[in-house]
Amino acid sequence: LNTIAEAIEEEFPHVVVDTLAYQHTRTPPAVIKPRHNVCIRLCSIECCFAHPFETCDQERGVTLPDGTRSSFIKDLRQWGECHDRLYIWDYTTDFAQYLNPFPNLRTLQDNARYFAAHSVKGVFEQGNYTGGRSGEFGELRAYMLTKALWNPDEAMDTDAFMEAYYGAGAPFVQKYLDYIHEKVKDLHFNLVIS
């Protein structure tokens, strides 16, 4: 990537070469540093989504080709130390079954807050919109992600959305959401998509 980025820089000085850092390529290299016109897009696909990355990450490390383990948070910190153009590709849905419960709503703001505090310049939140219809609580999730990314430190208040979108059913929807999120928390369940 550095070779390509260097080769195009003179002709295209405002172009950035973007790459995905997945699983075995997620750990930063020990010696080579990305050029200023290279963007590293760290991907969270193998993480647990039921709990904030910062508190759950150690259980869901990635086994590297050399047999060592890598964690998303450790990799995020290391990339932030060696490069100032760090982006995140985050996942927020169950791609196998869009309508299945995916109780990650309580983690969205914590993760956005962590990204903002650790050298991340941009975040792409891949949601559950496909084929003209949204998946499980897609509209609510999109609302919460928008608020969290706009200002991760602002209190997350979904009452107005719930009332406007679900009307008289809002208290029942909230009760269901509380139930599934508490179940995942109480059972210490890891919610994964890979």
# chains A, B, ... in the order shown; residues from 1 in each chain; ligands from 1
call {"tool": "select_by_dssp", "arguments": {"residues": "stretch 5-194 of chain A", "states": "alpha helix (DSSP H)", "output": "PyMOL selection string"}}
result
chain A and resi 5-9+53-56+72-82+108-117+138-150+159-166+170-187
call {"tool": "residues_around", "arguments": {"residues": "A:Leu99", "least_positions_apart": "4", "cutoff": "10 Å", "atoms": "only C-alpha atoms", "output": "PyMOL selection string"}}
result
chain A and resi 93-95+128+134-138
call {"tool": "closest_residue", "arguments": {"among": "A:Ala5, A:Val192, A:Leu108, A:Val16", "to": "A:Pro152", "atoms": "only C-alpha atoms"}}
result
A:Leu108
call {"tool": "residues_around", "arguments": {"residues": "stretch 178-184 of chain A", "least_positions_apart": "5", "cutoff": "8 Å", "atoms": "only C-alpha atoms", "output": "MDAnalysis selection string"}}
result
chainID A and resid 50 101 103:104 106 189:190
call {"tool": "closest_residue", "arguments": {"among": "A:Thr19, A:Thr92, A:Gln109, A:Ser44", "to": "A:Lys147", "atoms": "only C-alpha atoms"}}
result
A:Gln109
call {"tool": "closest_residue", "arguments": {"among": "A:Trp79, A:Tyr91, A:Phe72, A:Phe115", "to": "A:Asp153", "atoms": "only C-alpha atoms"}}
result
A:Phe115
call {"tool": "atom_distance", "arguments": {"atom1": "atom CA of A:Ala116", "atom2": "atom CA of A:Asp18"}}
result
19.6 Å
call {"tool": "residues_around", "arguments": {"residues": "A:Gly80", "least_positions_apart": "3", "cutoff": "6 Å", "atoms": "only C-alpha atoms", "output": "list in words"}}
result
Arg77, His83 and Ser119 of chain A
call {"tool": "closest_residue", "arguments": {"among": "A:Asp75, A:Asp90, A:Asp157, A:Glu10", "to": "A:Ala30", "atoms": "only C-alpha atoms"}}
result
A:Asp75
call {"tool": "residues_around", "arguments": {"residues": "A:Leu1", "least_positions_apart": "6", "cutoff": "8 Å", "atoms": "only C-alpha atoms", "output": "count of residues only"}}
result
3
call {"tool": "select_by_dssp", "arguments": {"residues": "chain A", "states": "strand (DSSP E)", "output": "PDB file with all heavy atoms, in the first residue's frame"}}
result
ATOM      1  N   VAL A  17      -5.235   6.204  -0.080  1.00  0.00           N
ATOM      2  CA  VAL A  17      -5.393   4.776  -0.317  1.00  0.00           C
ATOM      3  C   VAL A  17      -5.942   4.163   0.968  1.00  0.00           C
ATOM      4  O   VAL A  17      -5.340   4.285   2.025  1.00  0.00           O
ATOM      5  CB  VAL A  17      -4.041   4.124  -0.703  1.00  0.00           C
ATOM      6  CG1 VAL A  17      -4.214   2.625  -0.899  1.00  0.00           C
ATOM      7  CG2 VAL A  17      -3.465   4.780  -1.943  1.00  0.00           C
ATOM      8  N   ASP A  18      -7.090   3.530   0.844  1.00  0.00           N
ATOM      9  CA  ASP A  18      -7.810   2.996   2.000  1.00  0.00           C
ATOM     10  C   ASP A  18      -7.700   1.476   1.994  1.00  0.00           C
ATOM     11  O   ASP A  18      -7.872   0.847   0.957  1.00  0.00           O
ATOM     12  CB  ASP A  18      -9.281   3.423   1.877  1.00  0.00           C
ATOM     13  CG  ASP A  18     -10.094   3.167   3.108  1.00  0.00           C
ATOM     14  OD1 ASP A  18      -9.960   2.093   3.718  1.00  0.00           O
ATOM     15  OD2 ASP A  18     -10.907   4.038   3.458  1.00  0.00           O
ATOM     16  N   THR A  19      -7.419   0.895   3.158  1.00  0.00           N
ATOM     17  CA  THR A  19      -7.352  -0.565   3.259  1.00  0.00           C
ATOM     18  C   THR A  19      -8.082  -1.046   4.496  1.00  0.00           C
ATOM     19  O   THR A  19      -8.187  -0.325   5.490  1.00  0.00           O
ATOM     20  CB  THR A  19      -5.885  -1.059   3.285  1.00  0.00           C
ATOM     21  OG1 THR A  19      -5.887  -2.486   3.203  1.00  0.00           O
ATOM     22  CG2 THR A  19      -5.171  -0.627   4.552  1.00  0.00           C
ATOM     23  N   LEU A  20      -8.600  -2.255   4.406  1.00  0.00           N
ATOM     24  CA  LEU A  20      -9.282  -2.877   5.538  1.00  0.00           C
ATOM     25  C   LEU A  20      -8.286  -3.718   6.326  1.00  0.00           C
ATOM     26  O   LEU A  20      -7.501  -4.462   5.750  1.00  0.00           O
ATOM     27  CB  LEU A  20     -10.424  -3.767   5.044  1.00  0.00           C
ATOM     28  CG  LEU A  20     -11.506  -3.059   4.227  1.00  0.00           C
ATOM     29  CD1 LEU A  20     -12.489  -4.074   3.679  1.00  0.00           C
ATOM     30  CD2 LEU A  20     -12.214  -2.009   5.046  1.00  0.00           C
ATOM     31  N   ALA A  21      -8.333  -3.598   7.628  1.00  0.00           N
ATOM     32  CA  ALA A  21      -7.496  -4.402   8.523  1.00  0.00           C
ATOM     33  C   ALA A  21      -8.416  -5.390   9.245  1.00  0.00           C
ATOM     34  O   ALA A  21      -9.072  -5.039  10.218  1.00  0.00           O
ATOM     35  CB  ALA A  21      -6.760  -3.518   9.506  1.00  0.00           C
ATOM     36  N   VAL A  38      -2.229   6.937   3.416  1.00  0.00           N
ATOM     37  CA  VAL A  38      -2.819   5.609   3.569  1.00  0.00           C
ATOM     38  C   VAL A  38      -3.772   5.658   4.758  1.00  0.00           C
ATOM     39  O   VAL A  38      -3.427   6.174   5.817  1.00  0.00           O
ATOM     40  CB  VAL A  38      -1.738   4.523   3.800  1.00  0.00           C
ATOM     41  CG1 VAL A  38      -2.373   3.188   4.180  1.00  0.00           C
ATOM     42  CG2 VAL A  38      -0.860   4.370   2.568  1.00  0.00           C
ATOM     43  N   CYS A  39      -4.965   5.134   4.560  1.00  0.00           N
ATOM     44  CA  CYS A  39      -5.952   5.048   5.640  1.00  0.00           C
ATOM     45  C   CYS A  39      -6.081   3.596   6.071  1.00  0.00           C
ATOM     46  O   CYS A  39      -6.307   2.719   5.244  1.00  0.00           O
ATOM     47  CB  CYS A  39      -7.307   5.564   5.164  1.00  0.00           C
ATOM     48  SG  CYS A  39      -8.634   5.299   6.358  1.00  0.00           S
ATOM     49  N   ILE A  40      -5.921   3.350   7.341  1.00  0.00           N
ATOM     50  CA  ILE A  40      -6.146   2.020   7.908  1.00  0.00           C
ATOM     51  C   ILE A  40      -7.574   1.997   8.452  1.00  0.00           C
ATOM     52  O   ILE A  40      -7.954   2.815   9.285  1.00  0.00           O
ATOM     53  CB  ILE A  40      -5.144   1.714   9.049  1.00  0.00           C
ATOM     54  CG1 ILE A  40      -3.703   1.840   8.555  1.00  0.00           C
ATOM     55  CG2 ILE A  40      -5.436   0.344   9.653  1.00  0.00           C
ATOM     56  CD1 ILE A  40      -3.313   0.915   7.421  1.00  0.00           C
ATOM     57  N   ARG A  41      -8.373   1.048   7.967  1.00  0.00           N
ATOM     58  CA  ARG A  41      -9.768   0.908   8.413  1.00  0.00           C
ATOM     59  C   ARG A  41      -9.870  -0.391   9.206  1.00  0.00           C
ATOM     60  O   ARG A  41     -10.000  -1.474   8.661  1.00  0.00           O
ATOM     61  CB  ARG A  41     -10.711   0.902   7.212  1.00  0.00           C
ATOM     62  CG  ARG A  41     -12.150   1.076   7.591  1.00  0.00           C
ATOM     63  CD  ARG A  41     -13.024   1.278   6.373  1.00  0.00           C
ATOM     64  NE  ARG A  41     -12.655   2.421   5.576  1.00  0.00           N
ATOM     65  CZ  ARG A  41     -13.138   3.652   5.720  1.00  0.00           C
ATOM     66  NH1 ARG A  41     -14.023   3.885   6.662  1.00  0.00           N
ATOM     67  NH2 ARG A  41     -12.743   4.634   4.943  1.00  0.00           N
ATOM     68  N   LEU A  42      -9.783  -0.255  10.511  1.00  0.00           N
ATOM     69  CA  LEU A  42      -9.787  -1.384  11.436  1.00  0.00           C
ATOM     70  C   LEU A  42     -11.194  -1.968  11.528  1.00  0.00           C
ATOM     71  O   LEU A  42     -12.159  -1.241  11.749  1.00  0.00           O
ATOM     72  CB  LEU A  42      -9.314  -0.890  12.794  1.00  0.00           C
ATOM     73  CG  LEU A  42      -8.907  -1.893  13.839  1.00  0.00           C
ATOM     74  CD1 LEU A  42      -7.738  -2.731  13.364  1.00  0.00           C
ATOM     75  CD2 LEU A  42      -8.546  -1.171  15.126  1.00  0.00           C
ATOM     76  N   CYS A  43     -11.326  -3.278  11.366  1.00  0.00           N
ATOM     77  CA  CYS A  43     -12.631  -3.937  11.297  1.00  0.00           C
ATOM     78  C   CYS A  43     -12.904  -4.766  12.552  1.00  0.00           C
ATOM     79  O   CYS A  43     -12.037  -5.489  13.025  1.00  0.00           O
ATOM     80  CB  CYS A  43     -12.682  -4.830  10.073  1.00  0.00           C
ATOM     81  SG  CYS A  43     -12.366  -3.927   8.540  1.00  0.00           S
ATOM     82  N   VAL A  62      -8.211 -12.781  18.259  1.00  0.00           N
ATOM     83  CA  VAL A  62      -8.026 -13.464  16.985  1.00  0.00           C
ATOM     84  C   VAL A  62      -6.713 -14.226  17.044  1.00  0.00           C
ATOM     85  O   VAL A  62      -5.701 -13.691  17.473  1.00  0.00           O
ATOM     86  CB  VAL A  62      -7.988 -12.438  15.835  1.00  0.00           C
ATOM     87  CG1 VAL A  62      -7.631 -13.101  14.530  1.00  0.00           C
ATOM     88  CG2 VAL A  62      -9.312 -11.713  15.734  1.00  0.00           C
ATOM     89  N   THR A  63      -6.725 -15.471  16.599  1.00  0.00           N
ATOM     90  CA  THR A  63      -5.488 -16.237  16.533  1.00  0.00           C
ATOM     91  C   THR A  63      -4.776 -15.886  15.229  1.00  0.00           C
ATOM     92  O   THR A  63      -5.323 -16.035  14.141  1.00  0.00           O
ATOM     93  CB  THR A  63      -5.762 -17.748  16.592  1.00  0.00           C
ATOM     94  OG1 THR A  63      -6.469 -18.026  17.804  1.00  0.00           O
ATOM     95  CG2 THR A  63      -4.469 -18.535  16.571  1.00  0.00           C
ATOM     96  N   ARG A  69      -2.209 -14.351  19.939  1.00  0.00           N
ATOM     97  CA  ARG A  69      -3.574 -13.812  19.925  1.00  0.00           C
ATOM     98  C   ARG A  69      -3.527 -12.296  19.800  1.00  0.00           C
ATOM     99  O   ARG A  69      -2.624 -11.646  20.283  1.00  0.00           O
ATOM    100  CB  ARG A  69      -4.309 -14.203  21.204  1.00  0.00           C
ATOM    101  CG  ARG A  69      -4.326 -15.689  21.379  1.00  0.00           C
ATOM    102  CD  ARG A  69      -5.557 -16.442  21.564  1.00  0.00           C
ATOM    103  NE  ARG A  69      -6.821 -15.876  21.780  1.00  0.00           N
ATOM    104  CZ  ARG A  69      -7.870 -16.197  21.036  1.00  0.00           C
ATOM    105  NH1 ARG A  69      -7.751 -16.985  20.004  1.00  0.00           N
ATOM    106  NH2 ARG A  69      -9.044 -15.724  21.312  1.00  0.00           N
ATOM    107  N   SER A  70      -4.535 -11.773  19.152  1.00  0.00           N
ATOM    108  CA  SER A  70      -4.653 -10.338  18.936  1.00  0.00           C
ATOM    109  C   SER A  70      -6.019  -9.895  19.432  1.00  0.00           C
ATOM    110  O   SER A  70      -7.003 -10.590  19.234  1.00  0.00           O
ATOM    111  CB  SER A  70      -4.528 -10.058  17.432  1.00  0.00           C
ATOM    112  OG  SER A  70      -4.920  -8.763  17.136  1.00  0.00           O
ATOM    113  N   LEU A  86      -6.631   6.691  11.182  1.00  0.00           N
ATOM    114  CA  LEU A  86      -7.247   5.434  11.607  1.00  0.00           C
ATOM    115  C   LEU A  86      -8.762   5.576  11.564  1.00  0.00           C
ATOM    116  O   LEU A  86      -9.327   6.487  12.167  1.00  0.00           O
ATOM    117  CB  LEU A  86      -6.789   5.074  13.025  1.00  0.00           C
ATOM    118  CG  LEU A  86      -7.393   3.828  13.652  1.00  0.00           C
ATOM    119  CD1 LEU A  86      -7.036   2.582  12.841  1.00  0.00           C
ATOM    120  CD2 LEU A  86      -6.907   3.677  15.089  1.00  0.00           C
ATOM    121  N   TYR A  87      -9.404   4.673  10.837  1.00  0.00           N
ATOM    122  CA  TYR A  87     -10.857   4.622  10.734  1.00  0.00           C
ATOM    123  C   TYR A  87     -11.324   3.258  11.225  1.00  0.00           C
ATOM    124  O   TYR A  87     -10.547   2.313  11.288  1.00  0.00           O
ATOM    125  CB  TYR A  87     -11.306   4.846   9.289  1.00  0.00           C
ATOM    126  CG  TYR A  87     -11.255   6.288   8.858  1.00  0.00           C
ATOM    127  CD1 TYR A  87     -10.035   6.965   8.764  1.00  0.00           C
ATOM    128  CD2 TYR A  87     -12.409   6.978   8.547  1.00  0.00           C
ATOM    129  CE1 TYR A  87      -9.983   8.295   8.375  1.00  0.00           C
ATOM    130  CE2 TYR A  87     -12.359   8.298   8.146  1.00  0.00           C
ATOM    131  CZ  TYR A  87     -11.150   8.948   8.067  1.00  0.00           C
ATOM    132  OH  TYR A  87     -11.108  10.255   7.684  1.00  0.00           O
ATOM    133  N   ILE A  88     -12.602   3.159  11.517  1.00  0.00           N
ATOM    134  CA  ILE A  88     -13.196   1.911  11.995  1.00  0.00           C
ATOM    135  C   ILE A  88     -14.305   1.483  11.035  1.00  0.00           C
ATOM    136  O   ILE A  88     -15.088   2.307  10.573  1.00  0.00           O
ATOM    137  CB  ILE A  88     -13.811   2.088  13.408  1.00  0.00           C
ATOM    138  CG1 ILE A  88     -12.757   2.539  14.421  1.00  0.00           C
ATOM    139  CG2 ILE A  88     -14.528   0.815  13.866  1.00  0.00           C
ATOM    140  CD1 ILE A  88     -11.691   1.525  14.736  1.00  0.00           C
ATOM    141  N   TRP A  89     -14.358   0.193  10.753  1.00  0.00           N
ATOM    142  CA  TRP A  89     -15.510  -0.419  10.081  1.00  0.00           C
ATOM    143  C   TRP A  89     -16.145  -1.294  11.139  1.00  0.00           C
ATOM    144  O   TRP A  89     -15.610  -2.332  11.520  1.00  0.00           O
ATOM    145  CB  TRP A  89     -15.062  -1.249   8.884  1.00  0.00           C
ATOM    146  CG  TRP A  89     -16.198  -1.785   8.061  1.00  0.00           C
ATOM    147  CD1 TRP A  89     -17.258  -2.519   8.492  1.00  0.00           C
ATOM    148  CD2 TRP A  89     -16.363  -1.640   6.648  1.00  0.00           C
ATOM    149  NE1 TRP A  89     -18.080  -2.842   7.451  1.00  0.00           N
ATOM    150  CE2 TRP A  89     -17.556  -2.315   6.294  1.00  0.00           C
ATOM    151  CE3 TRP A  89     -15.620  -1.023   5.645  1.00  0.00           C
ATOM    152  CZ2 TRP A  89     -18.016  -2.379   4.985  1.00  0.00           C
ATOM    153  CZ3 TRP A  89     -16.089  -1.097   4.345  1.00  0.00           C
ATOM    154  CH2 TRP A  89     -17.271  -1.757   4.024  1.00  0.00           C
ATOM    155  N   ASP A  90     -17.277  -0.855  11.638  1.00  0.00           N
ATOM    156  CA  ASP A  90     -17.942  -1.533  12.750  1.00  0.00           C
ATOM    157  C   ASP A  90     -19.217  -2.201  12.246  1.00  0.00           C
ATOM    158  O   ASP A  90     -19.845  -1.739  11.304  1.00  0.00           O
ATOM    159  CB  ASP A  90     -18.269  -0.502  13.842  1.00  0.00           C
ATOM    160  CG  ASP A  90     -18.712  -1.135  15.134  1.00  0.00           C
ATOM    161  OD1 ASP A  90     -18.386  -2.310  15.380  1.00  0.00           O
ATOM    162  OD2 ASP A  90     -19.383  -0.433  15.923  1.00  0.00           O
ATOM    163  N   TYR A  91     -19.604  -3.267  12.886  1.00  0.00           N
ATOM    164  CA  TYR A  91     -20.770  -4.048  12.485  1.00  0.00           C
ATOM    165  C   TYR A  91     -21.831  -3.941  13.570  1.00  0.00           C
ATOM    166  O   TYR A  91     -21.527  -4.004  14.749  1.00  0.00           O
ATOM    167  CB  TYR A  91     -20.366  -5.507  12.276  1.00  0.00           C
ATOM    168  CG  TYR A  91     -19.348  -5.651  11.171  1.00  0.00           C
ATOM    169  CD1 TYR A  91     -17.986  -5.531  11.444  1.00  0.00           C
ATOM    170  CD2 TYR A  91     -19.750  -5.843   9.866  1.00  0.00           C
ATOM    171  CE1 TYR A  91     -17.056  -5.631  10.421  1.00  0.00           C
ATOM    172  CE2 TYR A  91     -18.825  -5.946   8.846  1.00  0.00           C
ATOM    173  CZ  TYR A  91     -17.480  -5.833   9.129  1.00  0.00           C
ATOM    174  OH  TYR A  91     -16.567  -5.927   8.118  1.00  0.00           O
ATOM    175  N   VAL A 120      -9.229   7.630  16.644  1.00  0.00           N
ATOM    176  CA  VAL A 120     -10.041   7.267  15.484  1.00  0.00           C
ATOM    177  C   VAL A 120     -10.582   8.540  14.838  1.00  0.00           C
ATOM    178  O   VAL A 120     -11.153   9.390  15.506  1.00  0.00           O
ATOM    179  CB  VAL A 120     -11.189   6.317  15.892  1.00  0.00           C
ATOM    180  CG1 VAL A 120     -12.149   6.090  14.740  1.00  0.00           C
ATOM    181  CG2 VAL A 120     -10.620   5.005  16.403  1.00  0.00           C
ATOM    182  N   LYS A 121     -10.399   8.645  13.524  1.00  0.00           N
ATOM    183  CA  LYS A 121     -10.817   9.843  12.783  1.00  0.00           C
ATOM    184  C   LYS A 121     -12.184   9.692  12.119  1.00  0.00           C
ATOM    185  O   LYS A 121     -12.811  10.667  11.769  1.00  0.00           O
ATOM    186  CB  LYS A 121      -9.787  10.191  11.707  1.00  0.00           C
ATOM    187  CG  LYS A 121      -8.391  10.424  12.238  1.00  0.00           C
ATOM    188  CD  LYS A 121      -8.328  11.664  13.092  1.00  0.00           C
ATOM    189  CE  LYS A 121      -6.896  12.003  13.425  1.00  0.00           C
ATOM    190  NZ  LYS A 121      -6.590  11.959  14.830  1.00  0.00           N
ATOM    191  N   GLY A 122     -12.620   8.458  11.910  1.00  0.00           N
ATOM    192  CA  GLY A 122     -13.910   8.229  11.267  1.00  0.00           C
ATOM    193  C   GLY A 122     -14.414   6.833  11.551  1.00  0.00           C
ATOM    194  O   GLY A 122     -13.631   5.922  11.818  1.00  0.00           O
ATOM    195  N   VAL A 123     -15.733   6.668  11.479  1.00  0.00           N
ATOM    196  CA  VAL A 123     -16.346   5.370  11.758  1.00  0.00           C
ATOM    197  C   VAL A 123     -17.416   5.096  10.705  1.00  0.00           C
ATOM    198  O   VAL A 123     -18.236   5.960  10.407  1.00  0.00           O
ATOM    199  CB  VAL A 123     -17.004   5.341  13.162  1.00  0.00           C
ATOM    200  CG1 VAL A 123     -17.668   3.996  13.430  1.00  0.00           C
ATOM    201  CG2 VAL A 123     -15.997   5.672  14.244  1.00  0.00           C
ATOM    202  N   PHE A 124     -17.377   3.903  10.149  1.00  0.00           N
ATOM    203  CA  PHE A 124     -18.448   3.417   9.284  1.00  0.00           C
ATOM    204  C   PHE A 124     -19.190   2.354  10.063  1.00  0.00           C
ATOM    205  O   PHE A 124     -18.600   1.341  10.450  1.00  0.00           O
ATOM    206  CB  PHE A 124     -17.889   2.836   7.986  1.00  0.00           C
ATOM    207  CG  PHE A 124     -18.938   2.158   7.143  1.00  0.00           C
ATOM    208  CD1 PHE A 124     -19.886   2.903   6.472  1.00  0.00           C
ATOM    209  CD2 PHE A 124     -18.987   0.777   7.050  1.00  0.00           C
ATOM    210  CE1 PHE A 124     -20.870   2.276   5.700  1.00  0.00           C
ATOM    211  CE2 PHE A 124     -19.956   0.142   6.291  1.00  0.00           C
ATOM    212  CZ  PHE A 124     -20.902   0.896   5.607  1.00  0.00           C
ATOM    213  N   GLU A 125     -20.464   2.587  10.322  1.00  0.00           N
ATOM    214  CA  GLU A 125     -21.290   1.628  11.051  1.00  0.00           C
ATOM    215  C   GLU A 125     -22.131   0.863  10.039  1.00  0.00           C
ATOM    216  O   GLU A 125     -23.052   1.408   9.454  1.00  0.00           O
ATOM    217  CB  GLU A 125     -22.205   2.351  12.050  1.00  0.00           C
ATOM    218  CG  GLU A 125     -21.476   3.109  13.133  1.00  0.00           C
ATOM    219  CD  GLU A 125     -20.866   2.225  14.205  1.00  0.00           C
ATOM    220  OE1 GLU A 125     -20.897   0.974  14.063  1.00  0.00           O
ATOM    221  OE2 GLU A 125     -20.355   2.761  15.188  1.00  0.00           O
ATOM    222  N   GLN A 126     -21.787  -0.399   9.805  1.00  0.00           N
ATOM    223  CA  GLN A 126     -22.543  -1.201   8.846  1.00  0.00           C
ATOM    224  C   GLN A 126     -23.764  -1.760   9.536  1.00  0.00           C
ATOM    225  O   GLN A 126     -23.672  -2.601  10.415  1.00  0.00           O
ATOM    226  CB  GLN A 126     -21.705  -2.318   8.262  1.00  0.00           C
ATOM    227  CG  GLN A 126     -22.454  -3.051   7.176  1.00  0.00           C
ATOM    228  CD  GLN A 126     -21.579  -3.985   6.372  1.00  0.00           C
ATOM    229  OE1 GLN A 126     -20.383  -4.050   6.542  1.00  0.00           O
ATOM    230  NE2 GLN A 126     -22.199  -4.729   5.481  1.00  0.00           N
ATOM    231  N   TYR A 129     -29.649  -2.724   6.876  1.00  0.00           N
ATOM    232  CA  TYR A 129     -30.579  -2.344   5.827  1.00  0.00           C
ATOM    233  C   TYR A 129     -30.240  -3.129   4.567  1.00  0.00           C
ATOM    234  O   TYR A 129     -29.104  -3.135   4.116  1.00  0.00           O
ATOM    235  CB  TYR A 129     -30.480  -0.851   5.537  1.00  0.00           C
ATOM    236  CG  TYR A 129     -31.507  -0.413   4.536  1.00  0.00           C
ATOM    237  CD1 TYR A 129     -32.788  -0.089   4.933  1.00  0.00           C
ATOM    238  CD2 TYR A 129     -31.192  -0.360   3.187  1.00  0.00           C
ATOM    239  CE1 TYR A 129     -33.732   0.299   4.002  1.00  0.00           C
ATOM    240  CE2 TYR A 129     -32.135   0.025   2.257  1.00  0.00           C
ATOM    241  CZ  TYR A 129     -33.409   0.348   2.667  1.00  0.00           C
ATOM    242  OH  TYR A 129     -34.343   0.715   1.749  1.00  0.00           O
ATOM    243  N   THR A 130     -31.212  -3.822   4.040  1.00  0.00           N
ATOM    244  CA  THR A 130     -30.983  -4.568   2.807  1.00  0.00           C
ATOM    245  C   THR A 130     -32.306  -4.804   2.106  1.00  0.00           C
ATOM    246  O   THR A 130     -33.333  -4.949   2.753  1.00  0.00           O
ATOM    247  CB  THR A 130     -30.273  -5.913   3.080  1.00  0.00           C
ATOM    248  OG1 THR A 130     -29.960  -6.523   1.834  1.00  0.00           O
ATOM    249  CG2 THR A 130     -31.101  -6.859   3.897  1.00  0.00           C
ATOM    250  N   ARG A 133     -35.901  -3.101   3.002  1.00  0.00           N
ATOM    251  CA  ARG A 133     -36.503  -3.192   4.329  1.00  0.00           C
ATOM    252  C   ARG A 133     -35.416  -3.233   5.378  1.00  0.00           C
ATOM    253  O   ARG A 133     -34.351  -3.787   5.170  1.00  0.00           O
ATOM    254  CB  ARG A 133     -37.344  -4.453   4.444  1.00  0.00           C
ATOM    255  CG  ARG A 133     -38.536  -4.412   3.537  1.00  0.00           C
ATOM    256  CD  ARG A 133     -39.512  -5.484   3.915  1.00  0.00           C
ATOM    257  NE  ARG A 133     -40.697  -5.296   3.095  1.00  0.00           N
ATOM    258  CZ  ARG A 133     -41.341  -6.270   2.511  1.00  0.00           C
ATOM    259  NH1 ARG A 133     -40.936  -7.505   2.660  1.00  0.00           N
ATOM    260  NH2 ARG A 133     -42.395  -6.024   1.790  1.00  0.00           N
ATOM    261  N   SER A 134     -35.737  -2.691   6.523  1.00  0.00           N
ATOM    262  CA  SER A 134     -34.780  -2.698   7.620  1.00  0.00           C
ATOM    263  C   SER A 134     -34.940  -3.966   8.438  1.00  0.00           C
ATOM    264  O   SER A 134     -36.004  -4.579   8.462  1.00  0.00           O
ATOM    265  CB  SER A 134     -35.013  -1.473   8.503  1.00  0.00           C
ATOM    266  OG  SER A 134     -34.105  -1.493   9.568  1.00  0.00           O
TER     267      SER A 134
END
call {"tool": "closest_residue", "arguments": {"among": "A:Met144, A:Lys74, A:His51, A:Leu149", "to": "A:Leu187", "atoms": "only C-alpha atoms"}}
result
A:His51
call {"tool": "residues_around", "arguments": {"residues": "A:Pro171", "least_positions_apart": "5", "cutoff": "10 Å", "atoms": "only C-alpha atoms", "output": "JSON, numbers by chain"}}
result
{"A": [159, 162, 163, 166, 176, 177]}
call {"tool": "write_last_selection", "arguments": {"atoms": "N, CA and C atoms", "output": "CSV table (one decimal), in the first residue's frame"}}
result
chain,number,residue,atom,x,y,z
A,159,ASP,N,-36.2,8.3,24.4
A,159,ASP,CA,-37.6,8.4,24.7
A,159,ASP,C,-38.4,9.1,23.5
A,162,MET,N,-38.7,6.7,20.6
A,162,MET,CA,-39.6,5.6,20.9
A,162,MET,C,-41.0,6.0,20.8
A,163,GLU,N,-41.3,7.2,21.4
A,163,GLU,CA,-42.7,7.7,21.4
A,163,GLU,C,-43.2,8.0,20.0
A,166,TYR,N,-43.0,4.3,17.8
A,166,TYR,CA,-43.8,3.2,18.3
A,166,TYR,C,-45.1,3.7,18.9
A,176,TYR,N,-39.4,-5.0,26.2
A,176,TYR,CA,-38.8,-6.1,25.5
A,176,TYR,C,-37.3,-5.8,25.3
A,177,LEU,N,-36.9,-4.6,24.9
A,177,LEU,CA,-35.5,-4.3,24.7
A,177,LEU,C,-34.7,-4.4,26.0
